[in-house]
$ cat start-v3.tsv   # TSV, N, CA and C atoms and all ligand atoms
chain	number	residue	atom	x	y	z
A	205	MET	N	0.84	-1.20	0.00
A	205	MET	CA	0.00	0.00	0.00
A	205	MET	C	0.88	1.25	0.00
A	206	VAL	N	0.35	2.30	-0.57
A	206	VAL	CA	1.10	3.55	-0.72
A	206	VAL	C	0.35	4.63	0.06
A	207	SER	N	1.07	5.35	0.89
A	207	SER	CA	0.47	6.39	1.71
A	207	SER	C	0.26	7.67	0.89
A	208	ILE	N	-0.96	8.18	0.90
A	208	ILE	CA	-1.28	9.43	0.20
A	208	ILE	C	-2.08	10.31	1.14
A	209	VAL	N	-1.76	11.60	1.12
A	209	VAL	CA	-2.52	12.57	1.91
A	209	VAL	C	-3.35	13.42	0.95
A	210	TYR	N	-4.65	13.38	1.13
A	210	TYR	CA	-5.56	14.23	0.38
A	210	TYR	C	-6.01	15.35	1.32
A	211	ILE	N	-5.83	16.59	0.90
A	211	ILE	CA	-6.26	17.73	1.72
A	211	ILE	C	-7.40	18.43	1.01
A	212	GLU	N	-8.53	18.49	1.68
A	212	GLU	CA	-9.67	19.21	1.10
A	212	GLU	C	-9.37	20.70	1.08
A	213	ASN	N	-10.11	21.44	0.28
A	213	ASN	CA	-9.85	22.87	0.16
A	213	ASN	C	-10.04	23.61	1.48
A	214	ASP	N	-10.85	23.05	2.40
A	214	ASP	CA	-11.03	23.70	3.71
A	214	ASP	C	-9.95	23.28	4.71
A	215	GLY	N	-9.00	22.47	4.27
A	215	GLY	CA	-7.90	22.07	5.15
A	215	GLY	C	-8.05	20.72	5.79
A	216	THR	N	-9.20	20.09	5.63
A	216	THR	CA	-9.40	18.76	6.21
A	216	THR	C	-8.48	17.75	5.54
A	217	GLU	N	-7.71	17.02	6.35
A	217	GLU	CA	-6.74	16.09	5.80
A	217	GLU	C	-7.25	14.64	5.91
A	218	HIS	N	-6.96	13.88	4.87
A	218	HIS	CA	-7.27	12.45	4.85
A	218	HIS	C	-5.97	11.71	4.58
A	219	HIS	N	-5.47	10.97	5.56
A	219	HIS	CA	-4.26	10.17	5.40
A	219	HIS	C	-4.71	8.74	5.13
A	220	VAL	N	-4.47	8.26	3.92
A	220	VAL	CA	-5.00	6.95	3.55
A	220	VAL	C	-3.93	6.11	2.86
A	221	ASP	N	-4.17	4.82	2.78
A	221	ASP	CA	-3.29	3.89	2.08
A	221	ASP	C	-4.02	3.41	0.82
A	222	VAL	N	-3.36	3.59	-0.29
A	222	VAL	CA	-3.96	3.25	-1.59
A	222	VAL	C	-3.12	2.15	-2.23
A	223	PRO	N	-3.77	1.13	-2.81
A	223	PRO	CA	-2.99	0.06	-3.43
A	223	PRO	C	-2.27	0.53	-4.69
A	224	ALA	N	-1.10	-0.01	-4.91
A	224	ALA	CA	-0.38	0.28	-6.15
A	224	ALA	C	-1.19	-0.23	-7.34
A	225	GLY	N	-1.04	0.45	-8.47
A	225	GLY	CA	-1.68	-0.01	-9.69
A	225	GLY	C	-2.95	0.73	-10.05
A	226	VAL	N	-3.45	1.55	-9.12
A	226	VAL	CA	-4.61	2.38	-9.46
A	226	VAL	C	-4.12	3.82	-9.59
A	227	SER	N	-5.04	4.75	-9.88
A	227	SER	CA	-4.64	6.15	-9.98
A	227	SER	C	-4.93	6.87	-8.67
A	228	VAL	N	-4.36	8.06	-8.53
A	228	VAL	CA	-4.62	8.89	-7.35
A	228	VAL	C	-6.10	9.26	-7.29
A	229	MET	N	-6.73	9.43	-8.46
A	229	MET	CA	-8.18	9.67	-8.49
A	229	MET	C	-8.94	8.45	-7.97
A	230	ASP	N	-8.54	7.25	-8.40
A	230	ASP	CA	-9.19	6.03	-7.91
A	230	ASP	C	-9.08	5.94	-6.39
A	231	GLY	N	-7.92	6.30	-5.87
A	231	GLY	CA	-7.73	6.27	-4.43
A	231	GLY	C	-8.69	7.20	-3.71
A	232	ALA	N	-8.90	8.38	-4.28
A	232	ALA	CA	-9.83	9.34	-3.68
A	232	ALA	C	-11.25	8.79	-3.69
A	233	LYS	N	-11.64	8.15	-4.79
A	233	LYS	CA	-12.99	7.60	-4.88
A	233	LYS	C	-13.17	6.47	-3.87
A	234	ARG	N	-12.13	5.66	-3.71
A	234	ARG	CA	-12.19	4.53	-2.79
A	234	ARG	C	-12.52	4.99	-1.37
A	235	TYR	N	-11.97	6.14	-0.98
A	235	TYR	CA	-12.19	6.66	0.37
A	235	TYR	C	-13.21	7.79	0.40
A	236	THR	N	-13.91	8.00	-0.71
A	236	THR	CA	-14.94	9.04	-0.80
A	236	THR	C	-14.41	10.39	-0.34
A	237	ILE	N	-13.24	10.76	-0.87
A	237	ILE	CA	-12.66	12.05	-0.53
A	237	ILE	C	-13.47	13.14	-1.24
A	238	PRO	N	-14.03	14.10	-0.49
A	238	PRO	CA	-14.80	15.17	-1.14
A	238	PRO	C	-13.91	16.03	-2.03
A	239	GLY	N	-14.46	16.51	-3.15
A	239	GLY	CA	-13.74	17.47	-3.98
A	239	GLY	C	-13.04	16.86	-5.18
A	240	ILE	N	-13.05	15.55	-5.30
A	240	ILE	CA	-12.49	14.90	-6.49
A	240	ILE	C	-13.62	14.09	-7.12
A	241	GLU	N	-14.09	14.56	-8.29
A	241	GLU	CA	-15.28	13.94	-8.89
A	241	GLU	C	-14.92	12.76	-9.78
A	242	GLY	N	-14.04	12.97	-10.73
A	242	GLY	CA	-13.64	11.87	-11.61
A	242	GLY	C	-14.77	11.39	-12.51
A	243	ASP	N	-15.49	12.34	-13.11
A	243	ASP	CA	-16.69	12.00	-13.87
A	243	ASP	C	-16.45	11.05	-15.04
A	244	CYS	N	-15.31	11.13	-15.68
A	244	CYS	CA	-15.08	10.29	-16.88
A	244	CYS	C	-14.46	8.95	-16.52
A	245	GLY	N	-14.26	8.72	-15.24
A	245	GLY	CA	-13.74	7.43	-14.81
A	245	GLY	C	-12.25	7.24	-15.06
A	246	GLY	N	-11.56	8.30	-15.36
A	246	GLY	CA	-10.11	8.20	-15.53
A	246	GLY	C	-9.64	8.20	-16.96
A	247	ALA	N	-10.53	8.57	-17.89
A	247	ALA	CA	-10.20	8.56	-19.32
A	247	ALA	C	-9.53	9.86	-19.77
A	248	CYS	N	-9.22	10.74	-18.85
A	248	CYS	CA	-8.62	12.04	-19.17
A	248	CYS	C	-9.51	12.84	-20.12
A	249	ALA	N	-10.81	12.87	-19.78
A	249	ALA	CA	-11.77	13.52	-20.66
A	249	ALA	C	-12.73	14.44	-19.93
A	250	CYS	N	-12.45	14.77	-18.65
A	250	CYS	CA	-13.41	15.62	-17.94
A	250	CYS	C	-12.75	16.71	-17.09
A	251	ALA	N	-11.56	16.48	-16.59
A	251	ALA	CA	-10.83	17.43	-15.74
A	251	ALA	C	-11.47	17.63	-14.37
A	252	THR	N	-12.39	16.76	-13.96
A	252	THR	CA	-13.02	16.91	-12.64
A	252	THR	C	-12.25	16.14	-11.56
A	253	CYS	N	-11.05	15.72	-11.87
A	253	CYS	CA	-10.18	15.07	-10.87
A	253	CYS	C	-8.98	15.97	-10.60
A	254	HIS	N	-9.14	17.25	-10.91
A	254	HIS	CA	-8.06	18.23	-10.75
A	254	HIS	C	-7.62	18.32	-9.29
A	255	VAL	N	-6.30	18.32	-9.09
A	255	VAL	CA	-5.73	18.52	-7.75
A	255	VAL	C	-4.50	19.42	-7.86
A	256	TYR	N	-4.12	19.99	-6.72
A	256	TYR	CA	-2.84	20.68	-6.61
A	256	TYR	C	-1.87	19.74	-5.91
A	257	VAL	N	-0.74	19.51	-6.54
A	257	VAL	CA	0.28	18.63	-5.98
A	257	VAL	C	1.18	19.47	-5.09
A	258	GLU	N	1.28	19.11	-3.82
A	258	GLU	CA	1.93	19.96	-2.82
A	258	GLU	C	3.41	19.65	-2.65
A	259	GLY	N	4.09	20.56	-1.95
A	259	GLY	CA	5.51	20.38	-1.61
A	259	GLY	C	6.39	20.26	-2.84
A	260	ASP	N	7.36	19.36	-2.78
A	260	ASP	CA	8.26	19.17	-3.92
A	260	ASP	C	7.77	18.07	-4.87
A	261	TRP	N	6.55	17.63	-4.65
A	261	TRP	CA	6.03	16.56	-5.49
A	261	TRP	C	5.87	16.90	-6.97
A	262	PRO	N	5.58	18.16	-7.33
A	262	PRO	CA	5.50	18.45	-8.77
A	262	PRO	C	6.78	18.06	-9.52
A	263	GLN	N	7.93	18.25	-8.88
A	263	GLN	CA	9.20	17.90	-9.53
A	263	GLN	C	9.48	16.41	-9.45
A	264	ARG	N	8.91	15.75	-8.48
A	264	ARG	CA	9.22	14.33	-8.28
A	264	ARG	C	8.33	13.39	-9.11
A	265	LEU	N	7.19	13.90	-9.54
A	265	LEU	CA	6.28	13.06	-10.34
A	265	LEU	C	6.72	13.06	-11.80
A	266	PRO	N	6.41	11.99	-12.53
A	266	PRO	CA	6.61	12.03	-13.98
A	266	PRO	C	5.81	13.19	-14.55
A	267	PRO	N	6.36	13.93	-15.52
A	267	PRO	CA	5.63	15.10	-16.06
A	267	PRO	C	4.35	14.67	-16.76
A	268	PRO	N	3.39	15.60	-16.85
A	268	PRO	CA	2.11	15.27	-17.50
A	268	PRO	C	2.29	15.02	-19.00
A	269	GLU	N	1.51	14.09	-19.52
A	269	GLU	CA	1.46	13.86	-20.97
A	269	GLU	C	0.73	15.04	-21.61
A	270	GLU	N	0.86	15.13	-22.92
A	270	GLU	CA	0.22	16.21	-23.66
A	270	GLU	C	-1.29	16.24	-23.45
A	271	ILE	N	-1.91	15.06	-23.44
A	271	ILE	CA	-3.38	14.99	-23.30
A	271	ILE	C	-3.81	15.54	-21.94
A	272	GLU	N	-3.02	15.26	-20.90
A	272	GLU	CA	-3.35	15.80	-19.58
A	272	GLU	C	-3.22	17.32	-19.58
A	273	GLN	N	-2.17	17.82	-20.18
A	273	GLN	CA	-1.99	19.27	-20.22
A	273	GLN	C	-3.13	19.94	-20.98
A	274	ALA	N	-3.56	19.32	-22.05
A	274	ALA	CA	-4.65	19.89	-22.84
A	274	ALA	C	-5.95	19.88	-22.03
A	275	MET	N	-6.20	18.80	-21.32
A	275	MET	CA	-7.43	18.70	-20.55
A	275	MET	C	-7.42	19.64	-19.35
A	276	LEU	N	-6.25	19.93	-18.81
A	276	LEU	CA	-6.16	20.86	-17.67
A	276	LEU	C	-6.69	22.25	-18.03
A	277	ASP	N	-6.68	22.59	-19.31
A	277	ASP	CA	-7.23	23.88	-19.73
A	277	ASP	C	-8.70	24.03	-19.33
A	278	PHE	N	-9.37	22.90	-19.12
A	278	PHE	CA	-10.79	22.93	-18.78
A	278	PHE	C	-11.03	22.91	-17.27
A	279	ALA	N	-9.97	22.80	-16.50
A	279	ALA	CA	-10.11	22.74	-15.04
A	279	ALA	C	-10.30	24.15	-14.48
A	280	PHE	N	-10.84	24.22	-13.26
A	280	PHE	CA	-11.08	25.49	-12.58
A	280	PHE	C	-9.83	25.91	-11.80
A	281	ASP	N	-9.44	27.18	-11.93
A	281	ASP	CA	-8.36	27.77	-11.13
A	281	ASP	C	-7.06	26.96	-11.22
A	282	VAL	N	-6.59	26.79	-12.43
A	282	VAL	CA	-5.37	26.01	-12.66
A	282	VAL	C	-4.14	26.78	-12.15
A	283	GLN	N	-3.28	26.08	-11.45
A	283	GLN	CA	-2.05	26.65	-10.89
A	283	GLN	C	-0.85	25.88	-11.47
A	284	PRO	N	0.37	26.40	-11.27
A	284	PRO	CA	1.55	25.68	-11.79
A	284	PRO	C	1.67	24.25	-11.27
A	285	ASN	N	1.12	23.98	-10.09
A	285	ASN	CA	1.21	22.63	-9.52
A	285	ASN	C	-0.06	21.81	-9.76
A	286	SER	N	-0.87	22.23	-10.72
A	286	SER	CA	-2.10	21.49	-11.04
A	286	SER	C	-1.78	20.21	-11.80
A	287	ARG	N	-2.50	19.16	-11.45
A	287	ARG	CA	-2.44	17.89	-12.19
A	287	ARG	C	-3.83	17.27	-12.21
A	288	LEU	N	-4.02	16.35	-13.13
A	288	LEU	CA	-5.24	15.54	-13.13
A	288	LEU	C	-4.90	14.24	-12.40
A	289	SER	N	-5.62	14.01	-11.31
A	289	SER	CA	-5.23	12.89	-10.44
A	289	SER	C	-5.45	11.53	-11.07
A	290	CYS	N	-6.27	11.46	-12.11
A	290	CYS	CA	-6.45	10.16	-12.78
A	290	CYS	C	-5.23	9.79	-13.62
A	291	GLN	N	-4.36	10.76	-13.84
A	291	GLN	CA	-3.18	10.50	-14.66
A	291	GLN	C	-1.93	10.27	-13.81
A	292	ILE	N	-2.08	10.25	-12.51
A	292	ILE	CA	-0.96	9.95	-11.61
A	292	ILE	C	-1.14	8.52	-11.10
A	293	GLN	N	-0.23	7.66	-11.50
A	293	GLN	CA	-0.34	6.26	-11.11
A	293	GLN	C	0.26	6.03	-9.73
A	294	VAL	N	-0.44	5.25	-8.94
A	294	VAL	CA	0.03	4.95	-7.59
A	294	VAL	C	1.06	3.81	-7.65
A	295	ASN	N	2.24	4.10	-7.12
A	295	ASN	CA	3.27	3.07	-6.95
A	295	ASN	C	4.19	3.53	-5.82
A	296	ASP	N	5.15	2.70	-5.47
A	296	ASP	CA	5.99	3.01	-4.31
A	296	ASP	C	6.73	4.33	-4.43
A	297	SER	N	6.98	4.78	-5.66
A	297	SER	CA	7.75	6.02	-5.83
A	297	SER	C	6.97	7.25	-5.42
A	298	ILE	N	5.66	7.13	-5.22
A	298	ILE	CA	4.89	8.30	-4.78
A	298	ILE	C	4.42	8.15	-3.33
A	299	ASP	N	5.04	7.26	-2.60
A	299	ASP	CA	4.67	7.08	-1.19
A	299	ASP	C	4.85	8.41	-0.45
A	300	GLY	N	3.79	8.87	0.21
A	300	GLY	CA	3.84	10.15	0.94
A	300	GLY	C	3.33	11.33	0.13
A	301	LEU	N	2.84	11.08	-1.08
A	301	LEU	CA	2.31	12.15	-1.93
A	301	LEU	C	1.24	12.95	-1.19
A	302	VAL	N	1.28	14.28	-1.39
A	302	VAL	CA	0.27	15.15	-0.79
A	302	VAL	C	-0.41	15.92	-1.92
A	303	VAL	N	-1.73	15.82	-2.00
A	303	VAL	CA	-2.49	16.57	-3.00
A	303	VAL	C	-3.60	17.35	-2.29
A	304	ARG	N	-3.96	18.48	-2.85
A	304	ARG	CA	-5.01	19.34	-2.28
A	304	ARG	C	-6.07	19.56	-3.34
A	305	THR	N	-7.30	19.58	-2.94
A	305	THR	CA	-8.37	19.75	-3.91
A	305	THR	C	-8.61	21.25	-4.17
A	306	PRO	N	-9.01	21.60	-5.37
A	306	PRO	CA	-9.29	23.01	-5.69
A	306	PRO	C	-10.61	23.46	-5.05
A	307	PRO	N	-10.90	24.77	-5.08
A	307	PRO	CA	-12.14	25.26	-4.48
A	307	PRO	C	-13.37	24.57	-5.05
A	308	ARG	N	-13.33	24.26	-6.31
A	308	ARG	CA	-14.43	23.51	-6.95
A	308	ARG	C	-13.90	22.87	-8.22
A	309	GLN	N	-14.68	21.95	-8.78
A	309	GLN	CA	-14.23	21.25	-9.99
A	309	GLN	C	-14.91	21.78	-11.25
A	310	TYR	N	-15.98	22.58	-11.09
A	310	TYR	CA	-16.71	23.04	-12.28
A	310	TYR	C	-16.67	24.56	-12.36
B	1	LIG	FE1	-11.81	12.60	-15.94
B	1	LIG	FE2	-9.46	12.57	-14.67
B	1	LIG	S1	-11.28	11.52	-14.15
B	1	LIG	S2	-9.99	13.63	-16.47
$ encode --input "start-v3.tsv" --output "structure tokens" --more "lines below"
Ligand code: FES
Amino acid sequence: MVSIVYIENDGTEHHVDVPAGVSVMDGAKRYTIPGIEGDCGGACACATCHVYVEGDWPQRLPPPEEIEQAMLDFAFDVQPNSRLSCQIQVNDSIDGLVVRTPPRQY
């Protein structure tokens, strides 16, 4: 299991263990983390799984593919550390990842 911290926009923290092989969005759905919708089920077609990647994690994660960058244009309040959580794969290299949800997804 991989430890991930999801922080809601109001500061509420969820420290959870997510199995390797799913996405960070899948992990949020598994624990019903508020603020991550994931309407398209992870097909990179909705941008409702938008998160802010905290700390030094933006540099430590594999960079976004072109399709993710294009879809981020549709997300609300995009910041330099914005990512689509369905495109971040859970594995041991992201143990301790911290993501924060945006004020809203639409
Ligand atoms: Fe739709 Fe990530 S779940 S783009």
$ residues_near_point --input "start-v3.tsv" --point "(-7.0, 9.7, 1.1)" --cutoff "6 Å" --atoms "only C-alpha atoms" --output "VMD selection string"
chain A and resid 208 to 210 218 to 220 232
$ residues_near_ligand --input "start-v3.tsv" --ligand "ligand LIG 1 (chain B)" --cutoff "8 Å" --atoms "all atoms listed in the file" --output "list in words"
Met229, Asp230, Ile240, Glu241, Gly242, Asp243, Cys244, Gly245, Gly246, Ala247, Cys248, Ala249, Cys250, Ala251, Thr252, Cys253, His254, Glu272, Met275, Leu276, Arg287, Leu288, Ser289, Cys290 and Gln291 of chain A
$ write_last_selection --input "start-v3.tsv" --atoms "N, CA and C atoms" --output "short mmCIF file (atom, residue, chain, number, x, y, z; two decimals), in the frame of the given file"
data_model
loop_
_atom_site.label_atom_id
_atom_site.label_comp_id
_atom_site.auth_asym_id
_atom_site.auth_seq_id
_atom_site.Cartn_x
_atom_site.Cartn_y
_atom_site.Cartn_z
N MET A 229 -6.73 9.43 -8.46
CA MET A 229 -8.18 9.67 -8.49
C MET A 229 -8.94 8.45 -7.97
N ASP A 230 -8.54 7.25 -8.40
CA ASP A 230 -9.19 6.03 -7.91
C ASP A 230 -9.08 5.94 -6.39
N ILE A 240 -13.05 15.55 -5.30
CA ILE A 240 -12.49 14.90 -6.49
C ILE A 240 -13.62 14.09 -7.12
N GLU A 241 -14.09 14.56 -8.29
CA GLU A 241 -15.28 13.94 -8.89
C GLU A 241 -14.92 12.76 -9.78
N GLY A 242 -14.04 12.97 -10.73
CA GLY A 242 -13.64 11.87 -11.61
C GLY A 242 -14.77 11.39 -12.51
N ASP A 243 -15.49 12.34 -13.11
CA ASP A 243 -16.69 12.00 -13.87
C ASP A 243 -16.45 11.05 -15.04
N CYS A 244 -15.31 11.13 -15.68
CA CYS A 244 -15.08 10.29 -16.88
C CYS A 244 -14.46 8.95 -16.52
N GLY A 245 -14.26 8.72 -15.24
CA GLY A 245 -13.74 7.43 -14.81
C GLY A 245 -12.25 7.24 -15.06
N GLY A 246 -11.56 8.30 -15.36
CA GLY A 246 -10.11 8.20 -15.53
C GLY A 246 -9.64 8.20 -16.96
N ALA A 247 -10.53 8.57 -17.89
CA ALA A 247 -10.20 8.56 -19.32
C ALA A 247 -9.53 9.86 -19.77
N CYS A 248 -9.22 10.74 -18.85
CA CYS A 248 -8.62 12.04 -19.17
C CYS A 248 -9.51 12.84 -20.12
N ALA A 249 -10.81 12.87 -19.78
CA ALA A 249 -11.77 13.52 -20.66
C ALA A 249 -12.73 14.44 -19.93
N CYS A 250 -12.45 14.77 -18.65
CA CYS A 250 -13.41 15.62 -17.94
C CYS A 250 -12.75 16.71 -17.09
N ALA A 251 -11.56 16.48 -16.59
CA ALA A 251 -10.83 17.43 -15.74
C ALA A 251 -11.47 17.63 -14.37
N THR A 252 -12.39 16.76 -13.96
CA THR A 252 -13.02 16.91 -12.64
C THR A 252 -12.25 16.14 -11.56
N CYS A 253 -11.05 15.72 -11.87
CA CYS A 253 -10.18 15.07 -10.87
C CYS A 253 -8.98 15.97 -10.60
N HIS A 254 -9.14 17.25 -10.91
CA HIS A 254 -8.06 18.23 -10.75
C HIS A 254 -7.62 18.32 -9.29
N GLU A 272 -3.02 15.26 -20.90
CA GLU A 272 -3.35 15.80 -19.58
C GLU A 272 -3.22 17.32 -19.58
N MET A 275 -6.20 18.80 -21.32
CA MET A 275 -7.43 18.70 -20.55
C MET A 275 -7.42 19.64 -19.35
N LEU A 276 -6.25 19.93 -18.81
CA LEU A 276 -6.16 20.86 -17.67
C LEU A 276 -6.69 22.25 -18.03
N ARG A 287 -2.50 19.16 -11.45
CA ARG A 287 -2.44 17.89 -12.19
C ARG A 287 -3.83 17.27 -12.21
N LEU A 288 -4.02 16.35 -13.13
CA LEU A 288 -5.24 15.54 -13.13
C LEU A 288 -4.90 14.24 -12.40
N SER A 289 -5.62 14.01 -11.31
CA SER A 289 -5.23 12.89 -10.44
C SER A 289 -5.45 11.53 -11.07
N CYS A 290 -6.27 11.46 -12.11
CA CYS A 290 -6.45 10.16 -12.78
C CYS A 290 -5.23 9.79 -13.62
N GLN A 291 -4.36 10.76 -13.84
CA GLN A 291 -3.18 10.50 -14.66
C GLN A 291 -1.93 10.27 -13.81
#
$ residues_around --input "start-v3.tsv" --residues "A:Ser207" --least-positions-apart "4" --cutoff "5 Å" --atoms "only N, CA and C atoms" --output "mmCIF file with N, CA and C atoms, in the frame of the given file"
data_model
loop_
_atom_site.group_PDB
_atom_site.id
_atom_site.type_symbol
_atom_site.label_atom_id
_atom_site.label_comp_id
_atom_site.auth_asym_id
_atom_site.auth_seq_id
_atom_site.Cartn_x
_atom_site.Cartn_y
_atom_site.Cartn_z
ATOM 1 N N VAL A 220 -4.470 8.260 3.920
ATOM 2 C CA VAL A 220 -5.000 6.950 3.550
ATOM 3 C C VAL A 220 -3.930 6.110 2.860
ATOM 4 N N ASP A 221 -4.170 4.820 2.780
ATOM 5 C CA ASP A 221 -3.290 3.890 2.080
ATOM 6 C C ASP A 221 -4.020 3.410 0.820
ATOM 7 N N VAL A 222 -3.360 3.590 -0.290
ATOM 8 C CA VAL A 222 -3.960 3.250 -1.590
ATOM 9 C C VAL A 222 -3.120 2.150 -2.230
ATOM 10 N N ASP A 299 5.040 7.260 -2.600
ATOM 11 C CA ASP A 299 4.670 7.080 -1.190
ATOM 12 C C ASP A 299 4.850 8.410 -0.450
ATOM 13 N N GLY A 300 3.790 8.870 0.210
ATOM 14 C CA GLY A 300 3.840 10.150 0.940
ATOM 15 C C GLY A 300 3.330 11.330 0.130
ATOM 16 N N LEU A 301 2.840 11.080 -1.080
ATOM 17 C CA LEU A 301 2.310 12.150 -1.930
ATOM 18 C C LEU A 301 1.240 12.950 -1.190
#
$ select_by_dssp --input "start-v3.tsv" --residues "chain A" --states "helix (DSSP H, G or I)" --output "PyMOL selection string"
chain A and resi 228-234+261-264+270-276+289-291+296-298
$ write_last_selection --input "start-v3.tsv" --atoms "N, CA and C atoms" --output "PDB file, in the frame of the given file"
ATOM      1  N   VAL A 228      -4.360   8.060  -8.530  1.00  0.00           N
ATOM      2  CA  VAL A 228      -4.620   8.890  -7.350  1.00  0.00           C
ATOM      3  C   VAL A 228      -6.100   9.260  -7.290  1.00  0.00           C
ATOM      4  N   MET A 229      -6.730   9.430  -8.460  1.00  0.00           N
ATOM      5  CA  MET A 229      -8.180   9.670  -8.490  1.00  0.00           C
ATOM      6  C   MET A 229      -8.940   8.450  -7.970  1.00  0.00           C
ATOM      7  N   ASP A 230      -8.540   7.250  -8.400  1.00  0.00           N
ATOM      8  CA  ASP A 230      -9.190   6.030  -7.910  1.00  0.00           C
ATOM      9  C   ASP A 230      -9.080   5.940  -6.390  1.00  0.00           C
ATOM     10  N   GLY A 231      -7.920   6.300  -5.870  1.00  0.00           N
ATOM     11  CA  GLY A 231      -7.730   6.270  -4.430  1.00  0.00           C
ATOM     12  C   GLY A 231      -8.690   7.200  -3.710  1.00  0.00           C
ATOM     13  N   ALA A 232      -8.900   8.380  -4.280  1.00  0.00           N
ATOM     14  CA  ALA A 232      -9.830   9.340  -3.680  1.00  0.00           C
ATOM     15  C   ALA A 232     -11.250   8.790  -3.690  1.00  0.00           C
ATOM     16  N   LYS A 233     -11.640   8.150  -4.790  1.00  0.00           N
ATOM     17  CA  LYS A 233     -12.990   7.600  -4.880  1.00  0.00           C
ATOM     18  C   LYS A 233     -13.170   6.470  -3.870  1.00  0.00           C
ATOM     19  N   ARG A 234     -12.130   5.660  -3.710  1.00  0.00           N
ATOM     20  CA  ARG A 234     -12.190   4.530  -2.790  1.00  0.00           C
ATOM     21  C   ARG A 234     -12.520   4.990  -1.370  1.00  0.00           C
ATOM     22  N   TRP A 261       6.550  17.630  -4.650  1.00  0.00           N
ATOM     23  CA  TRP A 261       6.030  16.560  -5.490  1.00  0.00           C
ATOM     24  C   TRP A 261       5.870  16.900  -6.970  1.00  0.00           C
ATOM     25  N   PRO A 262       5.580  18.160  -7.330  1.00  0.00           N
ATOM     26  CA  PRO A 262       5.500  18.450  -8.770  1.00  0.00           C
ATOM     27  C   PRO A 262       6.780  18.060  -9.520  1.00  0.00           C
ATOM     28  N   GLN A 263       7.930  18.250  -8.880  1.00  0.00           N
ATOM     29  CA  GLN A 263       9.200  17.900  -9.530  1.00  0.00           C
ATOM     30  C   GLN A 263       9.480  16.410  -9.450  1.00  0.00           C
ATOM     31  N   ARG A 264       8.910  15.750  -8.480  1.00  0.00           N
ATOM     32  CA  ARG A 264       9.220  14.330  -8.280  1.00  0.00           C
ATOM     33  C   ARG A 264       8.330  13.390  -9.110  1.00  0.00           C
ATOM     34  N   GLU A 270       0.860  15.130 -22.920  1.00  0.00           N
ATOM     35  CA  GLU A 270       0.220  16.210 -23.660  1.00  0.00           C
ATOM     36  C   GLU A 270      -1.290  16.240 -23.450  1.00  0.00           C
ATOM     37  N   ILE A 271      -1.910  15.060 -23.440  1.00  0.00           N
ATOM     38  CA  ILE A 271      -3.380  14.990 -23.300  1.00  0.00           C
ATOM     39  C   ILE A 271      -3.810  15.540 -21.940  1.00  0.00           C
ATOM     40  N   GLU A 272      -3.020  15.260 -20.900  1.00  0.00           N
ATOM     41  CA  GLU A 272      -3.350  15.800 -19.580  1.00  0.00           C
ATOM     42  C   GLU A 272      -3.220  17.320 -19.580  1.00  0.00           C
ATOM     43  N   GLN A 273      -2.170  17.820 -20.180  1.00  0.00           N
ATOM     44  CA  GLN A 273      -1.990  19.270 -20.220  1.00  0.00           C
ATOM     45  C   GLN A 273      -3.130  19.940 -20.980  1.00  0.00           C
ATOM     46  N   ALA A 274      -3.560  19.320 -22.050  1.00  0.00           N
ATOM     47  CA  ALA A 274      -4.650  19.890 -22.840  1.00  0.00           C
ATOM     48  C   ALA A 274      -5.950  19.880 -22.030  1.00  0.00           C
ATOM     49  N   MET A 275      -6.200  18.800 -21.320  1.00  0.00           N
ATOM     50  CA  MET A 275      -7.430  18.700 -20.550  1.00  0.00           C
ATOM     51  C   MET A 275      -7.420  19.640 -19.350  1.00  0.00           C
ATOM     52  N   LEU A 276      -6.250  19.930 -18.810  1.00  0.00           N
ATOM     53  CA  LEU A 276      -6.160  20.860 -17.670  1.00  0.00           C
ATOM     54  C   LEU A 276      -6.690  22.250 -18.030  1.00  0.00           C
ATOM     55  N   SER A 289      -5.620  14.010 -11.310  1.00  0.00           N
ATOM     56  CA  SER A 289      -5.230  12.890 -10.440  1.00  0.00           C
ATOM     57  C   SER A 289      -5.450  11.530 -11.070  1.00  0.00           C
ATOM     58  N   CYS A 290      -6.270  11.460 -12.110  1.00  0.00           N
ATOM     59  CA  CYS A 290      -6.450  10.160 -12.780  1.00  0.00           C
ATOM     60  C   CYS A 290      -5.230   9.790 -13.620  1.00  0.00           C
ATOM     61  N   GLN A 291      -4.360  10.760 -13.840  1.00  0.00           N
ATOM     62  CA  GLN A 291      -3.180  10.500 -14.660  1.00  0.00           C
ATOM     63  C   GLN A 291      -1.930  10.270 -13.810  1.00  0.00           C
ATOM     64  N   ASP A 296       5.150   2.700  -5.470  1.00  0.00           N
ATOM     65  CA  ASP A 296       5.990   3.010  -4.310  1.00  0.00           C
ATOM     66  C   ASP A 296       6.730   4.330  -4.430  1.00  0.00           C
ATOM     67  N   SER A 297       6.980   4.780  -5.660  1.00  0.00           N
ATOM     68  CA  SER A 297       7.750   6.020  -5.830  1.00  0.00           C
ATOM     69  C   SER A 297       6.970   7.250  -5.420  1.00  0.00           C
ATOM     70  N   ILE A 298       5.660   7.130  -5.220  1.00  0.00           N
ATOM     71  CA  ILE A 298       4.890   8.300  -4.780  1.00  0.00           C
ATOM     72  C   ILE A 298       4.420   8.150  -3.330  1.00  0.00           C
TER      73      ILE A 298
END
$ atom_distance --input "start-v3.tsv" --atom1 "atom CA of A:Val303" --atom2 "atom CA of A:Glu212"
8.7 Å
